[in-house]
$ cat run.pdb   # PDB, C-alpha atoms, pLDDT in the B column
ATOM      1  CA  MET A   1       0.000   0.000   0.000  1.00 95.00           C
ATOM      2  CA  ASP A   2       1.367   3.386  -1.029  1.00 98.00           C
ATOM      3  CA  VAL A   3       0.405   6.286   1.236  1.00 98.00           C
ATOM      4  CA  LYS A   4       0.812   9.927   0.244  1.00 98.00           C
ATOM      5  CA  ILE A   5       0.588  12.839   2.654  1.00 98.00           C
ATOM      6  CA  CYS A   6       0.064  16.024   0.654  1.00 97.00           C
ATOM      7  CA  GLY A   7       0.505  19.694   1.383  1.00 97.00           C
ATOM      8  CA  LEU A   8       3.495  19.489   3.719  1.00 98.00           C
ATOM      9  CA  LYS A   9       5.104  22.824   4.571  1.00 97.00           C
ATOM     10  CA  THR A  10       7.587  22.191   7.379  1.00 97.00           C
ATOM     11  CA  PRO A  11      10.570  19.925   7.976  1.00 97.00           C
ATOM     12  CA  GLU A  12       8.793  18.542  11.042  1.00 97.00           C
ATOM     13  CA  SER A  13       5.707  17.479   9.092  1.00 98.00           C
ATOM     14  CA  ILE A  14       7.875  15.756   6.494  1.00 98.00           C
ATOM     15  CA  THR A  15       9.843  13.919   9.165  1.00 98.00           C
ATOM     16  CA  VAL A  16       6.649  12.751  10.885  1.00 98.00           C
ATOM     17  CA  ALA A  17       5.059  11.522   7.649  1.00 98.00           C
ATOM     18  CA  ALA A  18       8.163   9.653   6.513  1.00 98.00           C
ATOM     19  CA  ALA A  19       8.747   8.088   9.937  1.00 98.00           C
ATOM     20  CA  ALA A  20       5.125   6.945  10.015  1.00 98.00           C
ATOM     21  CA  GLY A  21       5.652   5.031   6.784  1.00 98.00           C
ATOM     22  CA  ALA A  22       4.376   7.370   4.074  1.00 98.00           C
ATOM     23  CA  SER A  23       5.705   6.409   0.653  1.00 98.00           C
ATOM     24  CA  HIS A  24       5.035   9.788  -0.982  1.00 98.00           C
ATOM     25  CA  ILE A  25       5.485  13.360   0.251  1.00 98.00           C
ATOM     26  CA  GLY A  26       3.367  15.970  -1.508  1.00 98.00           C
ATOM     27  CA  LEU A  27       4.403  19.603  -1.924  1.00 98.00           C
ATOM     28  CA  ASN A  28       1.788  22.081  -3.134  1.00 98.00           C
ATOM     29  CA  PHE A  29       2.787  24.791  -5.631  1.00 98.00           C
ATOM     30  CA  PHE A  30      -0.697  26.299  -6.183  1.00 96.00           C
ATOM     31  CA  PRO A  31      -0.542  29.776  -4.563  1.00 94.00           C
ATOM     32  CA  PRO A  32      -4.246  30.115  -3.604  1.00 91.00           C
ATOM     33  CA  SER A  33      -3.939  27.039  -1.390  1.00 93.00           C
ATOM     34  CA  PRO A  34      -3.156  27.432   2.323  1.00 94.00           C
ATOM     35  CA  ARG A  35      -0.740  24.533   1.802  1.00 95.00           C
ATOM     36  CA  ALA A  36       1.274  26.245  -0.927  1.00 97.00           C
ATOM     37  CA  VAL A  37       5.028  26.664  -0.827  1.00 98.00           C
ATOM     38  CA  THR A  38       7.387  28.372  -3.247  1.00 98.00           C
ATOM     39  CA  PRO A  39       9.950  26.406  -5.245  1.00 98.00           C
ATOM     40  CA  GLU A  40      12.684  28.190  -3.304  1.00 97.00           C
ATOM     41  CA  ALA A  41      11.211  27.240   0.083  1.00 97.00           C
ATOM     42  CA  ALA A  42      10.686  23.688  -1.136  1.00 98.00           C
ATOM     43  CA  ALA A  43      14.394  23.381  -1.898  1.00 97.00           C
ATOM     44  CA  ASP A  44      15.026  23.451   1.858  1.00 96.00           C
ATOM     45  CA  LEU A  45      12.123  21.106   2.622  1.00 97.00           C
ATOM     46  CA  VAL A  46      13.221  18.298   0.314  1.00 97.00           C
ATOM     47  CA  ALA A  47      16.501  18.012   2.202  1.00 95.00           C
ATOM     48  CA  HIS A  48      14.414  16.388   4.943  1.00 96.00           C
ATOM     49  CA  VAL A  49      12.865  13.732   2.705  1.00 97.00           C
ATOM     50  CA  PRO A  50      14.633  10.407   3.314  1.00 97.00           C
ATOM     51  CA  ASP A  51      15.828   8.134   0.545  1.00 96.00           C
ATOM     52  CA  GLY A  52      13.095   5.862  -0.750  1.00 97.00           C
ATOM     53  CA  VAL A  53      10.282   8.361  -0.166  1.00 98.00           C
ATOM     54  CA  LYS A  54       8.999   9.918  -3.383  1.00 98.00           C
ATOM     55  CA  ILE A  55       8.602  13.658  -3.743  1.00 98.00           C
ATOM     56  CA  VAL A  56       5.420  14.765  -5.519  1.00 98.00           C
ATOM     57  CA  ALA A  57       4.995  18.330  -6.816  1.00 98.00           C
ATOM     58  CA  LEU A  58       1.362  19.443  -7.118  1.00 98.00           C
ATOM     59  CA  VAL A  59       0.555  22.099  -9.709  1.00 98.00           C
ATOM     60  CA  VAL A  60      -2.630  23.442 -11.282  1.00 96.00           C
ATOM     61  CA  ASP A  61      -2.420  24.406 -14.955  1.00 96.00           C
ATOM     62  CA  ALA A  62       1.116  25.653 -14.350  1.00 97.00           C
ATOM     63  CA  ASP A  63       3.145  27.437 -16.998  1.00 97.00           C
ATOM     64  CA  ASP A  64       6.603  26.344 -18.090  1.00 97.00           C
ATOM     65  CA  ALA A  65       8.296  28.914 -15.869  1.00 98.00           C
ATOM     66  CA  LEU A  66       6.819  27.365 -12.727  1.00 98.00           C
ATOM     67  CA  PHE A  67       7.666  23.852 -13.898  1.00 98.00           C
ATOM     68  CA  ASP A  68      11.242  24.968 -14.549  1.00 98.00           C
ATOM     69  CA  ALA A  69      11.525  26.557 -11.101  1.00 98.00           C
ATOM     70  CA  ILE A  70      10.172  23.464  -9.387  1.00 98.00           C
ATOM     71  CA  TRP A  71      12.469  21.203 -11.375  1.00 98.00           C
ATOM     72  CA  THR A  72      15.521  23.314 -10.606  1.00 98.00           C
ATOM     73  CA  ASN A  73      14.824  23.621  -6.873  1.00 98.00           C
ATOM     74  CA  VAL A  74      13.091  20.353  -6.056  1.00 98.00           C
ATOM     75  CA  HIS A  75      13.720  17.797  -8.802  1.00 97.00           C
ATOM     76  CA  PRO A  76      10.530  15.889  -7.876  1.00 98.00           C
ATOM     77  CA  ASP A  77       9.976  12.252  -8.662  1.00 98.00           C
ATOM     78  CA  ILE A  78       6.422  12.966  -9.787  1.00 98.00           C
ATOM     79  CA  PHE A  79       4.536  15.996 -11.080  1.00 98.00           C
ATOM     80  CA  GLN A  80       0.902  15.920  -9.941  1.00 98.00           C
ATOM     81  CA  LEU A  81      -1.278  17.797 -12.427  1.00 98.00           C
ATOM     82  CA  HIS A  82      -4.420  18.967 -10.676  1.00 94.00           C
ATOM     83  CA  GLY A  83      -5.864  21.244 -13.339  1.00 94.00           C
ATOM     84  CA  LYS A  84      -7.349  20.780 -16.808  1.00 95.00           C
ATOM     85  CA  GLU A  85      -4.128  19.541 -18.404  1.00 97.00           C
ATOM     86  CA  SER A  86      -4.761  17.651 -21.634  1.00 97.00           C
ATOM     87  CA  PRO A  87      -3.147  14.342 -22.595  1.00 97.00           C
ATOM     88  CA  ASP A  88      -0.871  16.328 -24.929  1.00 97.00           C
ATOM     89  CA  ARG A  89       0.234  18.577 -22.053  1.00 97.00           C
ATOM     90  CA  VAL A  90       0.940  15.531 -19.889  1.00 98.00           C
ATOM     91  CA  ARG A  91       3.051  14.035 -22.661  1.00 97.00           C
ATOM     92  CA  GLU A  92       4.914  17.323 -23.127  1.00 97.00           C
ATOM     93  CA  ILE A  93       5.797  17.566 -19.421  1.00 97.00           C
ATOM     94  CA  LYS A  94       7.030  13.980 -19.311  1.00 96.00           C
ATOM     95  CA  GLN A  95       9.263  14.531 -22.309  1.00 96.00           C
ATOM     96  CA  ARG A  96      10.598  17.855 -21.038  1.00 97.00           C
ATOM     97  CA  TYR A  97      11.615  16.698 -17.552  1.00 97.00           C
ATOM     98  CA  GLY A  98      11.793  12.930 -17.616  1.00 95.00           C
ATOM     99  CA  ALA A  99       9.812  12.759 -14.368  1.00 96.00           C
ATOM    100  CA  GLN A 100       6.706  10.689 -13.829  1.00 98.00           C
ATOM    101  CA  VAL A 101       3.362  12.454 -14.171  1.00 98.00           C
ATOM    102  CA  MET A 102       0.257  11.843 -12.089  1.00 98.00           C
ATOM    103  CA  LYS A 103      -2.935  13.238 -13.628  1.00 98.00           C
ATOM    104  CA  VAL A 104      -5.756  14.123 -11.275  1.00 97.00           C
ATOM    105  CA  LEU A 105      -9.334  13.371 -12.302  1.00 96.00           C
ATOM    106  CA  ARG A 106     -12.140  14.876 -10.244  1.00 94.00           C
ATOM    107  CA  VAL A 107     -14.963  12.436  -9.731  1.00 95.00           C
ATOM    108  CA  ALA A 108     -18.634  12.796  -8.900  1.00 92.00           C
ATOM    109  CA  GLU A 109     -20.066   9.976 -11.029  1.00 93.00           C
ATOM    110  CA  ALA A 110     -19.015   7.037 -13.192  1.00 95.00           C
ATOM    111  CA  GLU A 111     -18.551   9.157 -16.323  1.00 95.00           C
ATOM    112  CA  ASP A 112     -15.864  11.178 -14.531  1.00 95.00           C
ATOM    113  CA  ALA A 113     -13.904   8.024 -13.703  1.00 96.00           C
ATOM    114  CA  ARG A 114     -14.077   6.812 -17.308  1.00 96.00           C
ATOM    115  CA  ALA A 115     -12.533  10.086 -18.458  1.00 95.00           C
ATOM    116  CA  ALA A 116      -9.236   8.908 -16.992  1.00 96.00           C
ATOM    117  CA  GLU A 117      -8.914   6.396 -19.814  1.00 96.00           C
ATOM    118  CA  ALA A 118      -7.916   9.248 -22.150  1.00 97.00           C
ATOM    119  CA  TYR A 119      -4.589   9.344 -20.301  1.00 97.00           C
ATOM    120  CA  ASP A 120      -3.776   5.638 -20.713  1.00 96.00           C
ATOM    121  CA  GLY A 121      -0.269   5.162 -22.028  1.00 95.00           C
ATOM    122  CA  ILE A 122       0.520   8.811 -21.290  1.00 97.00           C
ATOM    123  CA  ALA A 123       0.207   9.450 -17.546  1.00 98.00           C
ATOM    124  CA  ASP A 124       2.158   7.218 -15.193  1.00 98.00           C
ATOM    125  CA  LEU A 125      -0.502   7.450 -12.496  1.00 98.00           C
ATOM    126  CA  ILE A 126      -4.077   8.630 -12.089  1.00 98.00           C
ATOM    127  CA  LEU A 127      -5.299  10.277  -8.905  1.00 98.00           C
ATOM    128  CA  PHE A 128      -9.038  10.102  -8.368  1.00 97.00           C
ATOM    129  CA  ASP A 129     -10.179  13.018  -6.190  1.00 95.00           C
ATOM    130  CA  ALA A 130     -13.574  14.441  -5.309  1.00 92.00           C
ATOM    131  CA  LYS A 131     -15.019  16.965  -7.719  1.00 84.00           C
ATOM    132  CA  PRO A 132     -15.136  20.300  -5.880  1.00 75.00           C
ATOM    133  CA  PRO A 133     -18.421  22.171  -5.444  1.00 61.00           C
ATOM    134  CA  LYS A 134     -19.215  24.927  -7.906  1.00 61.00           C
ATOM    135  CA  ASP A 135     -18.432  27.546  -5.263  1.00 55.00           C
ATOM    136  CA  LYS A 136     -15.760  29.658  -6.952  1.00 49.00           C
ATOM    137  CA  ASP A 137     -13.838  29.963  -3.677  1.00 49.00           C
ATOM    138  CA  LYS A 138     -13.217  26.241  -3.442  1.00 53.00           C
ATOM    139  CA  LEU A 139      -9.836  24.815  -4.376  1.00 55.00           C
ATOM    140  CA  PRO A 140      -9.418  22.132  -7.078  1.00 53.00           C
ATOM    141  CA  GLY A 141      -8.647  19.620  -4.323  1.00 48.00           C
ATOM    142  CA  GLY A 142      -7.926  19.351  -0.625  1.00 51.00           C
ATOM    143  CA  ASN A 143     -11.486  20.317   0.307  1.00 52.00           C
ATOM    144  CA  GLY A 144     -12.082  17.297   2.530  1.00 63.00           C
ATOM    145  CA  LEU A 145     -14.907  16.073   0.312  1.00 77.00           C
ATOM    146  CA  ILE A 146     -15.734  12.414  -0.314  1.00 89.00           C
ATOM    147  CA  PHE A 147     -17.167  11.140  -3.594  1.00 92.00           C
ATOM    148  CA  ASP A 148     -19.143   7.988  -4.336  1.00 93.00           C
ATOM    149  CA  TRP A 149     -16.360   5.398  -4.353  1.00 96.00           C
ATOM    150  CA  THR A 150     -18.454   2.950  -6.377  1.00 95.00           C
ATOM    151  CA  ALA A 151     -18.092   5.323  -9.361  1.00 95.00           C
ATOM    152  CA  LEU A 152     -14.562   3.957  -9.820  1.00 96.00           C
ATOM    153  CA  LYS A 153     -15.980   0.611 -10.920  1.00 95.00           C
ATOM    154  CA  ALA A 154     -16.539   2.303 -14.291  1.00 95.00           C
ATOM    155  CA  TYR A 155     -12.794   2.846 -14.812  1.00 96.00           C
ATOM    156  CA  ARG A 156     -11.391   0.328 -17.278  1.00 94.00           C
ATOM    157  CA  GLY A 157      -8.015   1.900 -17.930  1.00 94.00           C
ATOM    158  CA  ASP A 158      -4.632   0.263 -17.482  1.00 94.00           C
ATOM    159  CA  THR A 159      -2.929   3.144 -15.660  1.00 97.00           C
ATOM    160  CA  PRO A 160      -2.272   2.562 -11.947  1.00 97.00           C
ATOM    161  CA  TRP A 161      -4.276   4.880  -9.722  1.00 98.00           C
ATOM    162  CA  MET A 162      -4.386   6.465  -6.294  1.00 98.00           C
ATOM    163  CA  LEU A 163      -7.465   7.408  -4.266  1.00 98.00           C
ATOM    164  CA  ALA A 164      -8.010  10.792  -2.605  1.00 97.00           C
ATOM    165  CA  GLY A 165     -10.974  12.873  -1.529  1.00 93.00           C
ATOM    166  CA  GLY A 166     -11.822  13.397   2.132  1.00 93.00           C
ATOM    167  CA  LEU A 167      -9.863  10.384   3.342  1.00 96.00           C
ATOM    168  CA  THR A 168      -9.147  10.200   7.075  1.00 97.00           C
ATOM    169  CA  ALA A 169      -7.863   7.625   9.534  1.00 97.00           C
ATOM    170  CA  GLU A 170     -11.509   6.818  10.266  1.00 97.00           C
ATOM    171  CA  ASN A 171     -12.651   6.061   6.699  1.00 96.00           C
ATOM    172  CA  VAL A 172      -9.549   5.042   4.740  1.00 97.00           C
ATOM    173  CA  ALA A 173      -9.886   1.319   5.497  1.00 97.00           C
ATOM    174  CA  GLU A 174     -13.471   1.318   4.201  1.00 97.00           C
ATOM    175  CA  ALA A 175     -12.404   3.282   1.123  1.00 97.00           C
ATOM    176  CA  ILE A 176      -9.728   0.702   0.374  1.00 97.00           C
ATOM    177  CA  ARG A 177     -12.203  -2.131   0.877  1.00 96.00           C
ATOM    178  CA  VAL A 178     -14.813  -0.615  -1.459  1.00 96.00           C
ATOM    179  CA  THR A 179     -12.454   0.499  -4.226  1.00 96.00           C
ATOM    180  CA  GLY A 180      -9.589  -1.968  -4.031  1.00 96.00           C
ATOM    181  CA  ALA A 181      -7.169   0.978  -3.989  1.00 97.00           C
ATOM    182  CA  LYS A 182      -3.478   0.156  -3.759  1.00 97.00           C
ATOM    183  CA  ALA A 183      -2.509   3.760  -3.034  1.00 98.00           C
ATOM    184  CA  VAL A 184      -4.208   6.492  -0.993  1.00 98.00           C
ATOM    185  CA  ASP A 185      -3.649  10.206  -0.487  1.00 98.00           C
ATOM    186  CA  THR A 186      -4.756  12.771   2.066  1.00 97.00           C
ATOM    187  CA  ALA A 187      -4.181  16.440   2.763  1.00 95.00           C
ATOM    188  CA  SER A 188      -6.998  17.675   4.995  1.00 93.00           C
ATOM    189  CA  GLY A 189      -7.305  14.280   6.702  1.00 95.00           C
ATOM    190  CA  ALA A 190      -3.928  14.826   8.365  1.00 97.00           C
ATOM    191  CA  GLU A 191      -4.582  18.394   9.506  1.00 97.00           C
ATOM    192  CA  ASP A 192      -5.828  20.340  12.512  1.00 96.00           C
ATOM    193  CA  ALA A 193      -6.578  23.292  10.202  1.00 93.00           C
ATOM    194  CA  PRO A 194      -6.011  23.980   6.475  1.00 91.00           C
ATOM    195  CA  GLY A 195      -2.265  23.891   5.935  1.00 92.00           C
ATOM    196  CA  VAL A 196      -1.494  22.878   9.535  1.00 96.00           C
ATOM    197  CA  LYS A 197      -0.489  19.237   9.707  1.00 97.00           C
ATOM    198  CA  SER A 198      -1.226  17.201  12.841  1.00 98.00           C
ATOM    199  CA  PRO A 199       1.458  14.671  13.805  1.00 98.00           C
ATOM    200  CA  GLU A 200      -1.176  12.526  15.505  1.00 98.00           C
ATOM    201  CA  LYS A 201      -3.564  12.530  12.532  1.00 98.00           C
ATOM    202  CA  THR A 202      -0.703  11.916  10.120  1.00 98.00           C
ATOM    203  CA  ARG A 203       0.481   8.861  12.045  1.00 98.00           C
ATOM    204  CA  ALA A 204      -3.076   7.584  12.453  1.00 98.00           C
ATOM    205  CA  PHE A 205      -3.842   7.916   8.754  1.00 98.00           C
ATOM    206  CA  VAL A 206      -0.709   6.124   7.589  1.00 98.00           C
ATOM    207  CA  SER A 207      -1.214   3.379  10.156  1.00 98.00           C
ATOM    208  CA  ALA A 208      -4.856   2.840   9.201  1.00 98.00           C
ATOM    209  CA  ALA A 209      -4.026   2.666   5.508  1.00 98.00           C
ATOM    210  CA  LEU A 210      -1.147   0.252   5.965  1.00 97.00           C
ATOM    211  CA  GLN A 211      -3.169  -2.006   8.243  1.00 96.00           C
ATOM    212  CA  ALA A 212      -5.988  -2.118   5.692  1.00 93.00           C
ATOM    213  CA  ASP A 213      -3.652  -3.437   3.005  1.00 67.00           C
TER     214      ASP A 213
END

$ encode --input "run.pdb" --output "C-alpha cells"
Amino acid sequence: MDVKICGLKTPESITVAAAAGASHIGLNFFPPSPRAVTPEAAADLVAHVPDGVKIVALVVDADDALFDAIWTNVHPDIFQLHGKESPDRVREIKQRYGAQVMKVLRVAEAEDARAAEAYDGIADLILFDAKPPKDKDKLPGGNGLIFDWTALKAYRGDTPWMLAGGLTAENVAEAIRVTGAKAVDTASGAEDAPGVKSPEKTRAFVSAALQAD
C-alpha cells in the first residue's frame, strides 16, 4: 500500500510523515492554497525527505516557468497535475523533464472516472479526487470532500491509480475495501486546520491505511 501525505510545509511534518511510513510526500505549488510553498522554500524542505520516499509536486495548470523553477529547486519524482491539463500537455511535461506524471481526475459519477482512460499510455498514475463544489472559492482539491467510491468501478483503464478525496484515519480502510485501492492520499485528513499538519492525525492515517492493506 502506497500512502501519500500532501501539502506538507515544514521539515517537522515531512519527518513525521516519513517516519510513520508514508511512501510519498506531496508539496503544493498552487498559490491560492493554504498549503502552498514556493519552489525556493521547497528546496530546503526536500533536504528532509529520506531516501526511498517519493517527492510529488502538485501544480494546477502551471506554466513552463513554474515547472522549470520546481524542477531546478526540487527535482521531484512525480509531477501531480491537478488542473485541466490535456493528454498532450501531460506528454509534453514527461518529455521535457523525464519525471513521472500523475494526472488528477475529479470524480462525482461514473462518467468522470471513465474520463481517466484518455490518459492511458501517457500518464504514469491517475489520482481520483472528489469533484469540488461549484463555489468559486473552493480549491481544485484538498477540500475534505468524499465522492461515491463505487463510481470507480466504471474505470477500465490500465494506468495505476491512487485514491483521494476526504480520506481520514476513520474512513480510509473502508475506502480501500470498497475500491480496491493500492494507493491512498490525504491532505486535509492529516490536519488540525487547512495547511497545519497534525502529527497525531498523520500517524493515524498512515497506520490505518497500511493495516488495511

$ residues_around --input "run.pdb" --residues "region 174-182 of chain A" --least-positions-apart "4" --cutoff "12 Å" --atoms "only C-alpha atoms" --output "PyMOL selection string"
chain A and resi 1-4+23+125-128+146-155+160-170+208-213

$ atom_distance --input "run.pdb" --atom1 "CA of Ala22 (chain A)" --atom2 "CA of Leu66 (chain A)"
26.2 Å

$ closest_residue --input "run.pdb" --among "A:Val49, A:Leu145, A:Val206, A:Ala43" --to "Thr15 (chain A)" --atoms "only C-alpha atoms"
A:Val49

$ closest_residue --input "run.pdb" --among "A:Ala20, A:Ala62, A:Ala42, A:Leu27" --to "Ala187 (chain A)" --atoms "only C-alpha atoms"
A:Leu27

$ residues_around --input "run.pdb" --residues "Arg91 (chain A)" --least-positions-apart "6" --cutoff "12 Å" --atoms "all atoms listed in the file" --output "list of chain:residue names"
A:Phe79, A:Leu81, A:Glu85, A:Tyr97, A:Gly98, A:Ala99, A:Gln100, A:Val101, A:Met102, A:Lys103, A:Ala118, A:Tyr119, A:Asp120, A:Gly121, A:Ile122, A:Ala123, A:Asp124

$ atom_distance --input "run.pdb" --atom1 "CA of Val90 (chain A)" --atom2 "CA of Ser33 (chain A)"
22.3 Å

$ resolve_selection --input "run.pdb" --expression "the PyMOL selection byres ((chain A and resi 76) around 9)" --output "number ranges by chain"
A: 46, 54-57, 70-71, 73-75, 77-79, 99-100

$ write_last_selection --input "run.pdb" --atoms "C-alpha atoms" --output "PDB file, in the frame of the given file"
ATOM      1  CA  VAL A  46      13.221  18.298   0.314  1.00 97.00           C
ATOM      2  CA  LYS A  54       8.999   9.918  -3.383  1.00 98.00           C
ATOM      3  CA  ILE A  55       8.602  13.658  -3.743  1.00 98.00           C
ATOM      4  CA  VAL A  56       5.420  14.765  -5.519  1.00 98.00           C
ATOM      5  CA  ALA A  57       4.995  18.330  -6.816  1.00 98.00           C
ATOM      6  CA  ILE A  70      10.172  23.464  -9.387  1.00 98.00           C
ATOM      7  CA  TRP A  71      12.469  21.203 -11.375  1.00 98.00           C
ATOM      8  CA  ASN A  73      14.824  23.621  -6.873  1.00 98.00           C
ATOM      9  CA  VAL A  74      13.091  20.353  -6.056  1.00 98.00           C
ATOM     10  CA  HIS A  75      13.720  17.797  -8.802  1.00 97.00           C
ATOM     11  CA  ASP A  77       9.976  12.252  -8.662  1.00 98.00           C
ATOM     12  CA  ILE A  78       6.422  12.966  -9.787  1.00 98.00           C
ATOM     13  CA  PHE A  79       4.536  15.996 -11.080  1.00 98.00           C
ATOM     14  CA  ALA A  99       9.812  12.759 -14.368  1.00 96.00           C
ATOM     15  CA  GLN A 100       6.706  10.689 -13.829  1.00 98.00           C
TER      16      GLN A 100
END

$ residues_around --input "run.pdb" --residues "Glu12 (chain A)" --least-positions-apart "4" --cutoff "9 Å" --atoms "all atoms listed in the file" --output "JSON, numbers by chain"
{"A": [16, 17, 48, 199]}

$ resolve_selection --input "run.pdb" --expression "the PyMOL selection byres ((chain A and resi 188) around 9)" --output "number ranges by chain"
A: 6-7, 142-144, 166-168, 186-187, 189-197

$ atom_distance --input "run.pdb" --atom1 "CA of Val184 (chain A)" --atom2 "CA of His24 (chain A)"
9.8 Å

$ closest_residue --input "run.pdb" --among "A:Phe29, A:Leu45, A:Arg35, A:Ala108" --to "Asp61 (chain A)" --atoms "all atoms listed in the file"
A:Phe29

$ closest_residue --input "run.pdb" --among "A:Ala65, A:Gly21, A:Phe30, A:Thr10" --to "Asp44 (chain A)" --atoms "only C-alpha atoms"
A:Thr10
